[in-house]
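These notes concern the structure reproduced below.
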Amino acid sequence: MLFITRHILFRQNKVAVDGKLIFSTEGQETYRDFTRKAYRYLGLDYPKFFKMDGLSKLGFLSVEFLLRDTAIGERYSPSKTGIILTNASSSLEVDEKHYDTIRDRKSYFPSPSNFVYTLPNIMAGEAAIRHGLKGENAVFITPAFDPETIAGITGMAFETGSLDCALCGWVEQYGNDFESLLFLVEKKGDEKDHRKSKEDIIFDPLNLTNIYKAEPAWKN
Amino acid sequence: MNVYAGAENIITSLGLTTEENIGNILAGRSGIDIDASGTFAPIALPLSKVDHAAVEERFAALPRSGDGNFTALEKMFILSISASLAMSDVDITADDTLIIITSTKGNIDLLDPGMSTIYGKKRVLLHEMAGAIGRYFGNPNPPLVVSNACVSGVLGIVYGERLIRSGRYRNVVVSGGDLMHEFIVSGFLSFQSLSMEPCRPYDSRRDGLTLGEGCATIIFGNNAHMLNNDIPVMVLVGAGSNDANHISGPSRTGEGLYLAIRQAMENACTIAGEIDTISAHGTATDYNDEMEAKAFSTAGLENVPLNSYKGYIGHTLGAAGVIEAAIALQSLRSNMLIRSAGYEEHGVTKNIKVIREPEKKVLATCLKTASGFGGSNAAVIFRKP
């Protein structure tokens, strides 16, 4: 059976882990300021972060919060740990940035450092590199948070035997609007399974919807 | 349960039907041509372009072509899906039929403000494009959109197969498409990964890829008869992987692609000795082809006849996996090994068997692979029952 063993939500300049607020920034901040503060909060030393586009930064930070202290690297083979993400805007923000560098032939200066991010799955690639995750990865474009697609697609990857553990969910960003909801999904047995915890939530569309809709206890 | 693949349509520089494409490929013709129009780049360079005037003409002849305002890429998708449906008995309006759209950049031409005025600003979004295609066909399900760089097409096939095997759908129409656009050409130019001559996968003189555009459709279903192919072909459970190495450069070891191949063979209960031919990715960049050679060698597939179709039609990005799988299906059905265009002198360190001459050979099982930016890889196996 598949269980959500941890979930993280980024919404309105706040971060909640398992429904509890753990990080927030004050007032009306830009997305850029928010990502910088979240990076500092995590105490990271990963200079590549600052080269990423907005979407990859959100994916990266979301995965950092999701995997903190989970030691999944010790419990699962890297080749059996996958990343399955969904989003609505694909990489539109950096697409527009790249387009601005080429639309006028008199000031034509396309840059590889922009262009490489004009694919939504680069965020999965960045997280895979950071955590050495070599399992199946895929990005689907859905108009909104889509629990049926997330649960269906991820569930099937487990059913085939391709995965033992998955990071999956929704990572959406355009300009200062952003939202992410990621789930750590693990396969466990029944109540007798010693790995089973009381906090584990069955991985199904209904629970994904409930987690998405529940307003976290932002006030701790 | 067996899942079958068939009723394939292919739209590339080599034609708008499967017959035109296969006829040209078997005749050794490449659709790659030097483009000096200035439309796609400030310099002249080889590209593989679709005849959009011909697409327009055939699109206008479709029964419901006046039902909406469709973009250049949407017209290719609708034309391709219509052609596949016409070959099959699949009911596109049924609840148990799903459309999967695979693309990297979709309606990228709508970033131009002049274009977005015609079609609406939101149509540049992949799910909006897919929605317009789904509505054209009156399909009741929201299309599933895969956008995972150059692995999109193969992943669309992998997930299509699983959606049928798991009982969620009886038929899945997988259509992959990408448009030639200055956006893409300029990006690859900035990476210095384009060749100034038609690409030469696995050749010692290869120096980069050639971009292409196109669209292809394959229908998957649990009933071979509905696909109306004289020779049915099954698709087995595929797999994906990540290099976890670099976002824009292939792994030096080939480990990631090897992991996807190993997992796909394990999922499909297939051993290396059973694979008769490989439709590889073969972009003709120095590092990619070398990486693939290492992966195939590690997987025990060094002696399996292999090709890349990119010497004929260029790299069609999010469409590549579907277009190339459709050609591979034709190769399996006709028991014909297709020459890997552009390959003359062996140019990778492993002794893989790149196909030099077309050859009649009994073929039962084909491995299709893809690798792309973001470090992702995918593999899927097709087999005649």
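If you're wondering about the labels, chains in the structure tokens are A, B, ... by order shown, residues count from 1 in each chain, ligands from 1 in order shown.
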
Taking only residues of range 149-213 of chain B that have an atom at most 12 Å from an atom of range 132-137 of chain A, what is each one's shortest atom pair and its distance in Å to one decimal, using only C-alpha atoms, in chain and number order, as CSV?
residue,atom,partner,partner_atom,distance
B:Ala149,CA,A:Asn137,CA,11.3
B:Val151,CA,A:Asn137,CA,10.1
B:Ser152,CA,A:Asn137,CA,10.7
B:Leu155,CA,A:Asn137,CA,9.3
B:Val158,CA,A:Glu136,CA,11.1
B:Tyr159,CA,A:Glu136,CA,11.6

Sorted by chain and rising residue number, list the residues of chain B at most 6 Å from chain A (counting only C-alpha atoms), each with its closest atom pair and distance in Å to one decimal, as JSON lines.
{"residue": "B:His127", "atom": "CA", "partner": "A:Thr142", "partner_atom": "CA", "distance": 6.0}
{"residue": "B:Val145", "atom": "CA", "partner": "A:Ile141", "partner_atom": "CA", "distance": 5.3}
{"residue": "B:Val146", "atom": "CA", "partner": "A:Phe140", "partner_atom": "CA", "distance": 4.6}
{"residue": "B:Ser147", "atom": "CA", "partner": "A:Val139", "partner_atom": "CA", "distance": 5.7}
{"residue": "B:Asn148", "atom": "CA", "partner": "A:Asn121", "partner_atom": "CA", "distance": 5.3}
{"residue": "B:Gly187", "atom": "CA", "partner": "A:Phe115", "partner_atom": "CA", "distance": 5.5}
{"residue": "B:Ser190", "atom": "CA", "partner": "A:Pro112", "partner_atom": "CA", "distance": 5.4}
{"residue": "B:Phe191", "atom": "CA", "partner": "A:Pro112", "partner_atom": "CA", "distance": 5.5}
{"residue": "B:Gly240", "atom": "CA", "partner": "A:Glu136", "partner_atom": "CA", "distance": 4.2}
{"residue": "B:Ser241", "atom": "CA", "partner": "A:Glu136", "partner_atom": "CA", "distance": 4.1}
{"residue": "B:Asn242", "atom": "CA", "partner": "A:Lys134", "partner_atom": "CA", "distance": 4.5}
{"residue": "B:Asp243", "atom": "CA", "partner": "A:Lys134", "partner_atom": "CA", "distance": 5.9}
{"residue": "B:Ala244", "atom": "CA", "partner": "A:Ile129", "partner_atom": "CA", "distance": 4.0}
{"residue": "B:Asn245", "atom": "CA", "partner": "A:Ile129", "partner_atom": "CA", "distance": 5.5}
{"residue": "B:Ile247", "atom": "CA", "partner": "A:Gly125", "partner_atom": "CA", "distance": 5.9}
{"residue": "B:Gly374", "atom": "CA", "partner": "A:Gly125", "partner_atom": "CA", "distance": 4.4}
{"residue": "B:Gly375", "atom": "CA", "partner": "A:Gly125", "partner_atom": "CA", "distance": 5.9}

Export, as a PDB file, in the first residue's frame, the selected residues with N, CA and C atoms.
ATOM      1  N   HIS B 127      -1.578  23.071 -21.583  1.00  0.00           N
ATOM      2  CA  HIS B 127      -2.872  22.443 -21.289  1.00  0.00           C
ATOM      3  C   HIS B 127      -4.005  23.119 -22.053  1.00  0.00           C
ATOM      4  N   VAL B 145      -1.043  15.810 -20.542  1.00  0.00           N
ATOM      5  CA  VAL B 145       0.042  16.484 -21.261  1.00  0.00           C
ATOM      6  C   VAL B 145       1.381  16.152 -20.616  1.00  0.00           C
ATOM      7  N   VAL B 146       2.278  15.562 -21.394  1.00  0.00           N
ATOM      8  CA  VAL B 146       3.620  15.248 -20.914  1.00  0.00           C
ATOM      9  C   VAL B 146       4.577  16.279 -21.485  1.00  0.00           C
ATOM     10  N   SER B 147       5.339  16.958 -20.617  1.00  0.00           N
ATOM     11  CA  SER B 147       6.359  17.879 -21.114  1.00  0.00           C
ATOM     12  C   SER B 147       7.646  17.631 -20.353  1.00  0.00           C
ATOM     13  N   ASN B 148       8.426  16.720 -20.862  1.00  0.00           N
ATOM     14  CA  ASN B 148       9.632  16.278 -20.180  1.00  0.00           C
ATOM     15  C   ASN B 148      10.800  16.262 -21.169  1.00  0.00           C
ATOM     16  N   GLY B 187      18.122  29.006 -29.063  1.00  0.00           N
ATOM     17  CA  GLY B 187      18.612  28.378 -27.837  1.00  0.00           C
ATOM     18  C   GLY B 187      19.677  27.346 -28.120  1.00  0.00           C
ATOM     19  N   SER B 190      22.825  28.992 -29.167  1.00  0.00           N
ATOM     20  CA  SER B 190      23.582  29.545 -28.033  1.00  0.00           C
ATOM     21  C   SER B 190      24.329  28.434 -27.294  1.00  0.00           C
ATOM     22  N   PHE B 191      23.829  27.234 -27.373  1.00  0.00           N
ATOM     23  CA  PHE B 191      24.511  26.079 -26.770  1.00  0.00           C
ATOM     24  C   PHE B 191      25.629  25.547 -27.662  1.00  0.00           C
ATOM     25  N   GLY B 240      11.570   4.839 -16.920  1.00  0.00           N
ATOM     26  CA  GLY B 240      12.360   6.061 -17.063  1.00  0.00           C
ATOM     27  C   GLY B 240      13.428   6.131 -15.995  1.00  0.00           C
ATOM     28  N   SER B 241      14.327   7.110 -16.136  1.00  0.00           N
ATOM     29  CA  SER B 241      15.381   7.289 -15.131  1.00  0.00           C
ATOM     30  C   SER B 241      15.916   8.707 -15.215  1.00  0.00           C
ATOM     31  N   ASN B 242      16.751   9.056 -14.249  1.00  0.00           N
ATOM     32  CA  ASN B 242      17.458  10.340 -14.304  1.00  0.00           C
ATOM     33  C   ASN B 242      18.938  10.114 -14.078  1.00  0.00           C
ATOM     34  N   ASP B 243      19.780  10.874 -14.816  1.00  0.00           N
ATOM     35  CA  ASP B 243      21.236  10.768 -14.651  1.00  0.00           C
ATOM     36  C   ASP B 243      21.689  11.298 -13.299  1.00  0.00           C
ATOM     37  N   ALA B 244      20.950  12.252 -12.733  1.00  0.00           N
ATOM     38  CA  ALA B 244      21.360  12.942 -11.508  1.00  0.00           C
ATOM     39  C   ALA B 244      22.790  13.447 -11.653  1.00  0.00           C
ATOM     40  N   ASN B 245      23.084  14.026 -12.794  1.00  0.00           N
ATOM     41  CA  ASN B 245      24.461  14.405 -13.104  1.00  0.00           C
ATOM     42  C   ASN B 245      24.577  15.851 -13.577  1.00  0.00           C
ATOM     43  N   ILE B 247      22.178  19.216 -15.788  1.00  0.00           N
ATOM     44  CA  ILE B 247      20.884  19.523 -16.388  1.00  0.00           C
ATOM     45  C   ILE B 247      20.933  19.630 -17.910  1.00  0.00           C
ATOM     46  N   GLY B 374      17.751  17.922 -18.527  1.00  0.00           N
ATOM     47  CA  GLY B 374      17.202  17.593 -17.225  1.00  0.00           C
ATOM     48  C   GLY B 374      17.692  16.225 -16.770  1.00  0.00           C
ATOM     49  N   GLY B 375      18.516  15.571 -17.628  1.00  0.00           N
ATOM     50  CA  GLY B 375      19.100  14.275 -17.257  1.00  0.00           C
ATOM     51  C   GLY B 375      18.148  13.106 -17.371  1.00  0.00           C
TER      52      GLY B 375
END

message: DSSP on the backbone, alpha helix (DSSP H) only: what residues of range 83-243 of chain B does that give? Format it as a VMD selection string.
response: chain B and resid 83 to 87 113 to 119 126 to 136 152 to 165 182 to 190

Store the residues picked out above, limited to C-alpha atoms, as a PDB file, in the first residue's frame.
ATOM      1  CA  ALA B  83      -5.387  10.145 -39.808  1.00  0.00           C
ATOM      2  CA  SER B  84      -4.750   7.585 -37.039  1.00  0.00           C
ATOM      3  CA  LEU B  85      -8.396   7.464 -36.037  1.00  0.00           C
ATOM      4  CA  ALA B  86      -9.402   6.914 -39.668  1.00  0.00           C
ATOM      5  CA  MET B  87      -7.199   3.804 -39.740  1.00  0.00           C
ATOM      6  CA  PRO B 113       2.195  39.461 -29.237  1.00  0.00           C
ATOM      7  CA  GLY B 114       0.743  39.637 -32.773  1.00  0.00           C
ATOM      8  CA  MET B 115      -0.021  35.915 -32.688  1.00  0.00           C
ATOM      9  CA  SER B 116      -1.401  35.844 -29.161  1.00  0.00           C
ATOM     10  CA  THR B 117      -3.955  38.514 -30.170  1.00  0.00           C
ATOM     11  CA  ILE B 118      -5.412  36.057 -32.675  1.00  0.00           C
ATOM     12  CA  TYR B 119      -5.548  33.001 -30.439  1.00  0.00           C
ATOM     13  CA  LEU B 126       0.332  23.466 -23.066  1.00  0.00           C
ATOM     14  CA  HIS B 127      -2.872  22.443 -21.289  1.00  0.00           C
ATOM     15  CA  GLU B 128      -4.834  25.093 -23.224  1.00  0.00           C
ATOM     16  CA  MET B 129      -3.460  23.752 -26.500  1.00  0.00           C
ATOM     17  CA  ALA B 130      -4.251  20.166 -25.506  1.00  0.00           C
ATOM     18  CA  GLY B 131      -7.742  21.220 -24.404  1.00  0.00           C
ATOM     19  CA  ALA B 132      -8.430  22.759 -27.833  1.00  0.00           C
ATOM     20  CA  ILE B 133      -7.343  19.509 -29.524  1.00  0.00           C
ATOM     21  CA  GLY B 134      -9.452  17.382 -27.163  1.00  0.00           C
ATOM     22  CA  ARG B 135     -12.525  19.572 -27.786  1.00  0.00           C
ATOM     23  CA  TYR B 136     -12.084  19.320 -31.542  1.00  0.00           C
ATOM     24  CA  SER B 152       8.340  13.468 -23.633  1.00  0.00           C
ATOM     25  CA  GLY B 153       7.297  11.238 -26.537  1.00  0.00           C
ATOM     26  CA  VAL B 154       8.642   7.974 -25.121  1.00  0.00           C
ATOM     27  CA  LEU B 155       7.213   8.833 -21.689  1.00  0.00           C
ATOM     28  CA  GLY B 156       3.817   9.480 -23.298  1.00  0.00           C
ATOM     29  CA  ILE B 157       3.948   5.938 -24.704  1.00  0.00           C
ATOM     30  CA  VAL B 158       5.119   4.510 -21.352  1.00  0.00           C
ATOM     31  CA  TYR B 159       2.235   6.150 -19.465  1.00  0.00           C
ATOM     32  CA  GLY B 160      -0.287   5.377 -22.201  1.00  0.00           C
ATOM     33  CA  GLU B 161       0.562   1.689 -21.885  1.00  0.00           C
ATOM     34  CA  ARG B 162       0.202   1.802 -18.100  1.00  0.00           C
ATOM     35  CA  LEU B 163      -3.153   3.608 -18.257  1.00  0.00           C
ATOM     36  CA  ILE B 164      -4.520   0.743 -20.361  1.00  0.00           C
ATOM     37  CA  ARG B 165      -2.855  -2.056 -18.401  1.00  0.00           C
ATOM     38  CA  GLU B 182      13.289  30.830 -33.709  1.00  0.00           C
ATOM     39  CA  PHE B 183      12.860  30.341 -29.945  1.00  0.00           C
ATOM     40  CA  ILE B 184      14.239  26.806 -30.149  1.00  0.00           C
ATOM     41  CA  VAL B 185      16.806  27.385 -32.889  1.00  0.00           C
ATOM     42  CA  SER B 186      18.329  30.379 -31.052  1.00  0.00           C
ATOM     43  CA  GLY B 187      18.612  28.378 -27.837  1.00  0.00           C
ATOM     44  CA  PHE B 188      20.407  25.466 -29.458  1.00  0.00           C
ATOM     45  CA  LEU B 189      22.621  27.938 -31.349  1.00  0.00           C
ATOM     46  CA  SER B 190      23.582  29.545 -28.033  1.00  0.00           C
TER      47      SER B 190
END

- request: With a distance cut-off of 10 Å and only C-alpha atoms, select the neighbouring residues of range 183-187 of chain A, excluding the residue or stretch itself and same-chain residues fewer than 6 positions from it, and output the selection as a ChimeraX atom specification.
  value: /A:1-9,18,62-63,66-67,70,72,76,81-84,150-151,154-155,158,163-170,195-196,200-203,208

Go ahead and save the picked residues with C-alpha atoms, as an mmCIF file, in the first residue's frame.
data_model
loop_
_atom_site.group_PDB
_atom_site.id
_atom_site.type_symbol
_atom_site.label_atom_id
_atom_site.label_comp_id
_atom_site.auth_asym_id
_atom_site.auth_seq_id
_atom_site.Cartn_x
_atom_site.Cartn_y
_atom_site.Cartn_z
ATOM 1 C CA MET A 1 0.000 0.000 0.000
ATOM 2 C CA LEU A 2 1.184 3.555 -0.706
ATOM 3 C CA PHE A 3 1.396 6.144 2.039
ATOM 4 C CA ILE A 4 2.156 9.851 2.233
ATOM 5 C CA THR A 5 4.832 9.943 4.893
ATOM 6 C CA ARG A 6 5.475 13.676 4.688
ATOM 7 C CA HIS A 7 4.087 16.615 2.753
ATOM 8 C CA ILE A 8 5.096 20.220 2.301
ATOM 9 C CA LEU A 9 3.079 23.220 1.171
ATOM 10 C CA ASP A 18 2.712 18.116 7.485
ATOM 11 C CA SER A 62 10.199 22.321 -1.963
ATOM 12 C CA VAL A 63 12.253 19.148 -2.248
ATOM 13 C CA LEU A 66 10.326 17.668 1.943
ATOM 14 C CA LEU A 67 13.434 15.524 2.357
ATOM 15 C CA THR A 70 13.991 11.823 6.122
ATOM 16 C CA ILE A 72 15.443 8.390 2.187
ATOM 17 C CA TYR A 76 15.827 3.404 -0.787
ATOM 18 C CA THR A 81 13.366 6.773 -6.085
ATOM 19 C CA GLY A 82 11.459 8.857 -8.611
ATOM 20 C CA ILE A 83 10.192 12.395 -9.115
ATOM 21 C CA ILE A 84 6.766 13.004 -10.678
ATOM 22 C CA ILE A 150 -0.790 12.905 -9.362
ATOM 23 C CA ALA A 151 -2.120 9.813 -7.572
ATOM 24 C CA THR A 154 2.583 7.958 -9.402
ATOM 25 C CA GLY A 155 0.621 4.880 -8.342
ATOM 26 C CA PHE A 158 4.931 1.858 -8.229
ATOM 27 C CA LEU A 163 9.690 2.746 -7.946
ATOM 28 C CA ASP A 164 9.898 2.081 -4.197
ATOM 29 C CA CYS A 165 9.723 5.734 -3.200
ATOM 30 C CA ALA A 166 8.483 8.884 -4.951
ATOM 31 C CA LEU A 167 8.505 12.640 -4.567
ATOM 32 C CA CYS A 168 5.406 13.876 -6.324
ATOM 33 C CA GLY A 169 2.980 16.750 -6.497
ATOM 34 C CA TRP A 170 2.424 20.248 -7.823
ATOM 35 C CA ARG A 195 8.059 0.995 9.269
ATOM 36 C CA LYS A 196 4.422 2.035 9.507
ATOM 37 C CA ASP A 200 1.141 8.005 7.566
ATOM 38 C CA ILE A 201 -1.718 9.012 5.261
ATOM 39 C CA ILE A 202 -3.077 6.707 2.555
ATOM 40 C CA PHE A 203 -1.978 8.016 -0.861
ATOM 41 C CA LEU A 208 -4.500 14.743 -1.690
#

query: Excluding same-chain residues fewer than 6 positions from Glu359 in chain B, what lies within 8 Å of it counting only C-alpha atoms, as a list in words?
result: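 The residues that qualify are Met336, Leu337 and Ile338 of chain B.
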
Export of prior selection with N, CA and C atoms as a PDB file, in the first residue's frame:
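Result file is part-v4.pdb:
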ATOM      1  N   MET B 336      12.188  -5.064 -41.676  1.00  0.00           N
ATOM      2  CA  MET B 336      13.201  -4.326 -42.428  1.00  0.00           C
ATOM      3  C   MET B 336      14.051  -3.480 -41.462  1.00  0.00           C
ATOM      4  N   LEU B 337      15.370  -3.708 -41.485  1.00  0.00           N
ATOM      5  CA  LEU B 337      16.269  -2.865 -40.703  1.00  0.00           C
ATOM      6  C   LEU B 337      16.549  -1.604 -41.520  1.00  0.00           C
ATOM      7  N   ILE B 338      16.295  -0.455 -40.925  1.00  0.00           N
ATOM      8  CA  ILE B 338      16.441   0.807 -41.655  1.00  0.00           C
ATOM      9  C   ILE B 338      17.828   1.404 -41.406  1.00  0.00           C
TER      10      ILE B 338
END
